[in-house]
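S.K.: Please read through the structure below; I'll follow up with questions.
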Amino acid sequence: MKNKLIIGRYLPNHSIVHHLDPRAKLIFVFMFIVYIFFCHSFGTYAWIFLLIIGFMKLSKIPFGFLMKGLTPIFFFLIFTFFMHIFFTNGGKILFHWGILTIESDGVLEGIYISLRLIFIVMIATIMTLSTSPIDLTDAFERLLSPLKLVKVPVHQLSMMMSIALRFIPTLMDELEKIILAQKSRGSEISSGSIVTRIKAFIPLMIPLFISAFQRAEELAIAMEVRGYDMNVKRTSYRLLHWRLRDTFALLTLIPIAIILYIIKFSGV
């Protein structure tokens with residue numbers, strides 16, 4: 001279970017991507033996701049895929065490890081694909097039976113939307129694997145610091161984000177322990193039909209939620225004992241340094257957008 005879920009995990013490597021400023025990575029990923037939403041042809045999606053493979057090589061992340069990030073959304077991808085197949089009209093009729101009709105535009109739209117979701121998860125996974133959760137929250141707080149002028153609780157939001165990212169792997173480890181405990185008592189969790197497995201997972205949620213609330217209470221008590229006050233202006237032990245390579249990384253967004261524009265309107 002925990003080996004399949006890599007959200008919130010950090011893969012320490014000595015790569016160009018790892019050494020970039022987390023603020024640059026956040027801005028780059030945000031703009032790259034915007035670019036993905038402008039893709040609507042196989043040529044543009046092929047260009048995006050080649051870029052993601054390049055980012056993967058630069059960050060020294062194995063392709064198989066990256067694909068594990070798609071595991072949690074696998075069923076959602078299938079659901080999205082079939083929703084577009086059955087409910088998007090247009091193009092040639094490929095299959096018709098009663099009220100069920102599958103048309104070519106629905107198939108294409110299902111493929112496009114599924115690829116869009118896959119690429120968004122892949123680029124976001126590269127960022128999280130190459131950036132520690134603490135650096136991500138620091139970058140998030142620095143980028144949103146101008147919002148403090150309009151009384152937006154940026155620090156509180158960053159703290160919530162940091163705690164959530166730290167809790168995901170912890171809860172997954174806890175869930176695996178609960179599953180092993182249930183299996184040792186003879187419970188069949190990993191066998192049977194999908195419906196049977198879903199029913200078997202429902203009793204696991206109660207001890208998992210209890211453990212989550214206990215950990216949250218322990219964390220709240222520990223922060224209170226140490227005198228933590230969210231309303232006090234705090235300094236940071238970790239300092240972020242913007243370098244020339246970070247500027248260059250953002251400048252690469254310009255040729256990426258130009259090539260995407262050419263592919264999009266050339267009909268490829």
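By order in the structure tokens, chains are A, B, ...; within a chain, residues start at 1; ligands start at 1, following the order shown.
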Could you go through segment 5-122 of chain A and tell me which residues DSSP, when run on the backbone, assigns to alpha helix (DSSP H), listing them as a PyMOL selection string?
M.R.: chain A and resi 22-37+42-58+63-67+74-87+104-122
S.K.: Find the residues around Pro207 of chain A up to 12 Å (only C-alpha atoms counted), leave out those fewer than 2 positions away in its own chain, and share them as a list in words.
M.R.: Leu171, Glu174, Leu175, Glu176, Lys177, Ile178, Ile179, Ala181, Gln182, Phe201, Ile202, Pro203, Leu204, Met205, Phe209, Ile210, Ser211, Ala212, Phe213 and Gln214 of chain A
S.K.: Which is closer to Met161 of chain A than all the others in A:Met83, A:Ala139, A:Cys39, A:Leu115, using only C-alpha atoms?
M.R.: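 Among the listed residues, A:Ala139 lies closest to Met161 of chain A.
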S.K.: Quick one, how far is atom CA of Leu250 of chain A from atom CA of Ser15 of chain A?
M.R.: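 Taking atom CA of Leu250 of chain A and atom CA of Ser15 of chain A, their separation equals 17.0 Å.
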S.K.: Running DSSP on the backbone, which parts of segment 52-258 of chain A land in strand (DSSP E), as a list in words?
M.R.: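 In segment 52-258 of chain A, DSSP puts these residues in strand (DSSP E): Ile93, Leu94, Phe95, His96, Trp97, Leu100, Thr101, Ile102 and Glu103 of chain A.
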S.K.: Just the residues within 10 Å of Pro12 of chain A, please, counting only C-alpha atoms, with nothing from its chain fewer than 5 positions along; format it as a PDB file with N, CA and C atoms, in the first residue's frame.
M.R.:
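Ended up saving to part-v1.pdb:
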```pdb
ATOM      1  N   HIS A  18      16.447  19.015  -8.287  1.00  0.00           N
ATOM      2  CA  HIS A  18      16.459  19.039  -6.824  1.00  0.00           C
ATOM      3  C   HIS A  18      17.072  20.326  -6.277  1.00  0.00           C
ATOM      4  N   SER A  59      15.707  15.076 -13.199  1.00  0.00           N
ATOM      5  CA  SER A  59      15.532  14.895 -11.757  1.00  0.00           C
ATOM      6  C   SER A  59      15.998  13.527 -11.268  1.00  0.00           C
ATOM      7  N   LYS A  60      16.434  12.645 -12.204  1.00  0.00           N
ATOM      8  CA  LYS A  60      16.939  11.302 -11.872  1.00  0.00           C
ATOM      9  C   LYS A  60      15.899  10.463 -11.132  1.00  0.00           C
ATOM     10  N   ILE A  61      14.654  10.562 -11.582  1.00  0.00           N
ATOM     11  CA  ILE A  61      13.561   9.778 -11.009  1.00  0.00           C
ATOM     12  C   ILE A  61      13.250   8.633 -11.962  1.00  0.00           C
ATOM     13  N   LEU A 129       8.469  14.802  -5.564  1.00  0.00           N
ATOM     14  CA  LEU A 129       9.575  13.877  -5.329  1.00  0.00           C
ATOM     15  C   LEU A 129      10.923  14.586  -5.280  1.00  0.00           C
ATOM     16  N   SER A 130      11.023  15.725  -5.936  1.00  0.00           N
ATOM     17  CA  SER A 130      12.295  16.448  -5.989  1.00  0.00           C
ATOM     18  C   SER A 130      12.343  17.630  -5.021  1.00  0.00           C
ATOM     19  N   THR A 131      11.304  17.816  -4.229  1.00  0.00           N
ATOM     20  CA  THR A 131      11.252  18.925  -3.281  1.00  0.00           C
ATOM     21  C   THR A 131      10.713  18.423  -1.948  1.00  0.00           C
ATOM     22  N   SER A 132      11.403  18.723  -0.893  1.00  0.00           N
ATOM     23  CA  SER A 132      10.939  18.281   0.420  1.00  0.00           C
ATOM     24  C   SER A 132       9.669  19.034   0.807  1.00  0.00           C
TER      25      SER A 132
END
```
S.K.: Have a look at A:Val17, A:Ser184, A:Ser41, A:Tyr10 and name the one nearest to Lys264 of chain A; count only C-alpha atoms.
M.R.: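 Result for the nearest residue to Lys264 of chain A: A:Ser41.
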S.K.: Counting only C-alpha atoms, which residue out of A:Ile259, A:Ser104, A:Arg142, A:His84 sits closest to Trp242 of chain A?
M.R.: A:Arg142
S.K.: Using only C-alpha atoms, which of the listed residues (A:Leu50, A:Phe140, A:Met160, A:Phe119) sits closest to Ala220 of chain A?
M.R.: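 Closest to Ala220 of chain A, using only C-alpha atoms: A:Met160.
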S.K.: Point out the residue among A:Leu11, A:Ile85, A:Leu147, A:Leu94 with the least atom-to-atom distance to Thr125 of chain A, counting only C-alpha atoms.
M.R.: A:Leu11
S.K.: Measuring between only C-alpha atoms, which one of A:Ile258, A:Ile113, A:Ile78, A:Met159 shows the shortest distance to Tyr228 of chain A?
M.R.: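 For Tyr228 of chain A, the nearest of the given residues is A:Met159.
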S.K.: Write out as a list in words each polymer residue whose atoms come within 12 Å of Lys92 of chain A, counting only C-alpha atoms; drop sequence neighbours fewer than 6 positions from it.
M.R.: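 Within the cut-off, the hits are Thr101, Ile102, Glu103, Ser104, Asp105, Gly106, Val107 and Leu108 of chain A.
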S.K.: Any idea what the distance is between atom CA of Ile206 of chain A and atom CA of Ile221 of chain A?
M.R.: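 Interatomic distance here is 22.7 Å.
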